[in-house]
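Structure below is run.cif: mmCIF, C-alpha atoms and all ligand atoms.
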data_final
loop_
_atom_site.label_atom_id
_atom_site.label_comp_id
_atom_site.auth_asym_id
_atom_site.auth_seq_id
_atom_site.Cartn_x
_atom_site.Cartn_y
_atom_site.Cartn_z
CA MET A 138 -7.80 123.21 40.93
CA THR A 139 -5.24 121.36 38.89
CA THR A 140 -1.99 122.92 37.94
CA ASP A 141 -0.57 122.23 34.56
CA ALA A 142 3.05 121.39 34.07
CA THR A 143 3.61 124.69 32.35
CA THR A 144 3.13 126.75 35.47
CA THR A 145 5.55 125.29 37.89
CA ALA A 146 7.96 128.14 38.45
CA LEU A 147 7.06 130.28 41.39
CA ARG A 148 8.16 133.84 41.54
CA ARG A 149 8.41 136.16 44.46
CA CYS A 150 6.02 139.05 44.56
CA ILE A 151 7.84 141.64 46.63
CA GLY A 152 4.71 143.48 47.62
CA SER A 153 4.94 146.87 49.25
CA ALA A 154 5.05 147.49 52.95
CA LYS A 155 4.29 151.12 52.25
CA PHE A 156 0.92 150.32 50.79
CA GLY A 157 0.16 147.28 52.87
CA ILE A 158 0.88 144.74 50.18
CA GLU A 159 2.28 141.57 51.59
CA ALA A 160 5.04 139.75 49.82
CA HIS A 161 4.24 136.26 48.66
CA GLU A 162 4.96 133.77 45.96
CA ALA A 163 2.92 133.37 42.83
CA PRO A 164 3.28 131.56 39.52
CA ALA A 165 5.45 133.44 37.06
CA ASP A 166 2.44 133.47 34.83
CA GLU A 167 0.80 135.91 37.19
CA PHE A 168 3.45 138.55 36.68
CA PRO A 169 3.20 141.28 34.10
CA ALA A 170 5.88 141.56 31.47
CA GLN A 171 8.32 144.30 32.19
CA PRO A 172 11.10 144.61 29.62
CA SER A 173 13.08 146.97 31.80
CA GLN A 174 13.52 144.21 34.34
CA ARG A 175 16.41 141.90 33.98
CA ASP A 176 14.33 138.79 33.50
CA GLY A 177 11.56 140.55 31.68
CA LEU A 178 8.99 140.13 34.43
CA GLY A 179 7.67 142.51 36.99
CA ARG A 180 8.48 142.24 40.66
CA MET A 181 4.89 142.10 41.72
CA CYS A 182 2.04 139.96 40.54
CA LYS A 183 -0.51 141.64 38.34
CA PRO A 184 -3.18 142.38 40.94
CA HIS A 185 -0.64 143.71 43.36
CA TRP A 186 1.14 145.70 40.68
CA ASN A 187 -2.14 147.33 39.74
CA GLN A 188 -2.83 147.98 43.37
CA TYR A 189 0.64 149.42 43.83
CA THR A 190 0.58 151.71 40.82
CA SER A 191 -2.87 153.01 41.60
CA ALA A 192 -1.79 153.63 45.18
CA LEU A 193 1.25 155.48 43.88
CA ARG A 194 -0.95 157.58 41.67
CA LYS A 195 -3.26 158.46 44.49
CA ALA A 196 -0.32 159.32 46.69
CA ALA A 197 1.14 161.53 43.99
CA LEU A 198 -2.15 163.29 43.43
CA ALA A 199 -2.63 163.75 47.15
CA ARG A 200 0.84 165.17 47.42
CA LYS A 201 0.25 167.58 44.58
CA ALA A 202 -3.02 168.66 46.10
CA ALA A 203 -1.32 169.15 49.44
CA GLU A 204 1.35 171.31 47.87
CA GLY A 205 -1.22 173.46 46.23
CA GLY A 206 -0.22 172.53 42.73
CA ALA A 207 0.30 176.15 41.75
CA ALA A 208 3.99 176.92 41.75
CA VAL A 209 5.31 173.45 41.24
CA VAL A 210 4.07 172.79 37.77
CA ALA A 211 7.31 172.59 35.84
CA ALA A 212 9.39 171.17 38.63
CA PRO A 213 9.31 167.39 38.69
CA ILE A 214 10.63 167.06 42.18
CA ALA A 215 10.72 163.48 43.27
CA PRO A 216 12.03 163.00 46.81
CA GLU A 217 11.28 159.33 46.59
CA PRO A 218 11.73 156.87 43.77
CA VAL A 219 8.15 156.19 42.87
CA GLU A 220 8.73 154.68 39.48
CA ALA A 221 9.50 151.12 40.43
CA PRO A 222 10.00 149.27 43.69
CA VAL A 223 13.73 149.05 43.43
CA PRO A 224 15.73 149.01 46.65
CA ILE A 225 18.51 151.20 45.34
CA ARG A 226 18.24 154.90 46.03
CA THR A 227 19.67 156.41 42.93
CA ARG A 228 18.34 158.98 40.57
CA ALA A 229 17.04 156.50 38.07
CA LYS A 230 15.66 157.78 34.85
CA ARG A 231 12.21 156.79 33.73
CA GLY A 232 13.55 153.91 31.70
CA GLY A 233 14.74 152.20 34.80
CA LYS A 234 18.01 151.29 33.23
CA ALA A 235 21.08 151.25 35.39
CA ALA A 236 23.52 153.97 34.69
CA GLU A 237 26.55 152.64 33.00
CA PRO A 238 29.94 154.03 33.81
CA ALA A 239 31.49 156.05 31.05
CA ALA A 240 33.73 153.91 28.97
CA ALA A 241 37.31 154.85 29.54
CA SER A 242 39.20 155.72 26.43
CA GLN A 243 41.59 153.00 25.58
CA GLY A 244 44.89 154.35 24.44
CA ASP A 245 45.79 157.85 23.48
CA ALA A 246 44.02 159.47 20.66
CA GLY A 247 46.40 160.80 18.10
ZN ZN A 301 1.38 139.77 44.71
#

Rewrite the structure of this file - the entire thing - as C-alpha cells.
Amino acid sequence: MTTDATTTALRRCIGSAKFGIEAHEAPADEFPAQPSQRDGLGRMCKPHWNQYTSALRKAALARKAAEGGAAVVAAPIAPEPVEAPVPIRTRAKRGGKAAEPAAASQGDAG
C-alpha cells in the first residue's frame, strides 16, 4: 500500500449517528462530487454516502408503508431534513442552496 503524492489531503467523513455510520477521515479522492456543496465534495465518503442514501430510502419507504400510503400521496410532508446531512434545521429546497436574503432596494424608485 503506497500512497501517491496526489492523494495527501484527508477529508472528514461526517458519517451518520442515525444510521450507525461512524465519522472518520478519508482521502478527498474517496468523496463523491457534490456541486451543491461549497467545496464541491460530499460530506461522506462514497461507500458511506451510498449506505446513507440507501438507508434514507429504506426509512422513507418504511415510513410511507407505516402511514398507509393512501391519503398522503400529494403531500410531501418532511418532518426531518432527509435530503442532505446538514446540521441546520431549515426548510431547504431540494437544491440545497442557502436561502439568500432579499436584496434591499437601494434608493427610491422614481
Ligand atoms: Zn465514510

- Message: Please identify all protein, DNA and RNA residues within 10 Å of ligand ZN 301 (chain A), counting only C-alpha atoms and all ligand atoms, and report them as a PyMOL selection string.
- Response: chain A and resi 148-153+158-164+167-168+180-189

- Query: What is the atom CA of Ala146 of chain A-atom CA of Ala165 of chain A distance in Å, reported with one decimal?
  - Reply: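 Between atom CA of Ala146 of chain A and atom CA of Ala165 of chain A the gap is 6.0 Å.
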
- Item | Gap from atom CA of Lys155 of chain A to atom CA of Lys195 of chain A - Å, one decimal |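 Separation of atom CA of Lys155 of chain A and atom CA of Lys195 of chain A: 13.1 Å.
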
- Atomic separation - atom CA of Ala197 of chain A relative to atom CA of Asp176 of chain A, Å: 28.3 Å

- Query: Of the candidates A:Pro172, A:Leu147, A:Asp166, A:Phe156, which shows the shortest atom-to-atom distance to Ala196 of chain A, using all atoms listed in the file?
  - Reply: A:Phe156

Box dimensions and centre (Å, one decimal) enclosing segment 158-174 of chain A, axis-aligned, 5 Å extra per side, as AutoDock Vina command-line options:
--center_x 7.2 --center_y 139.3 --center_z 40.6 --size_x 22.7 --size_y 25.4 --size_z 32.0
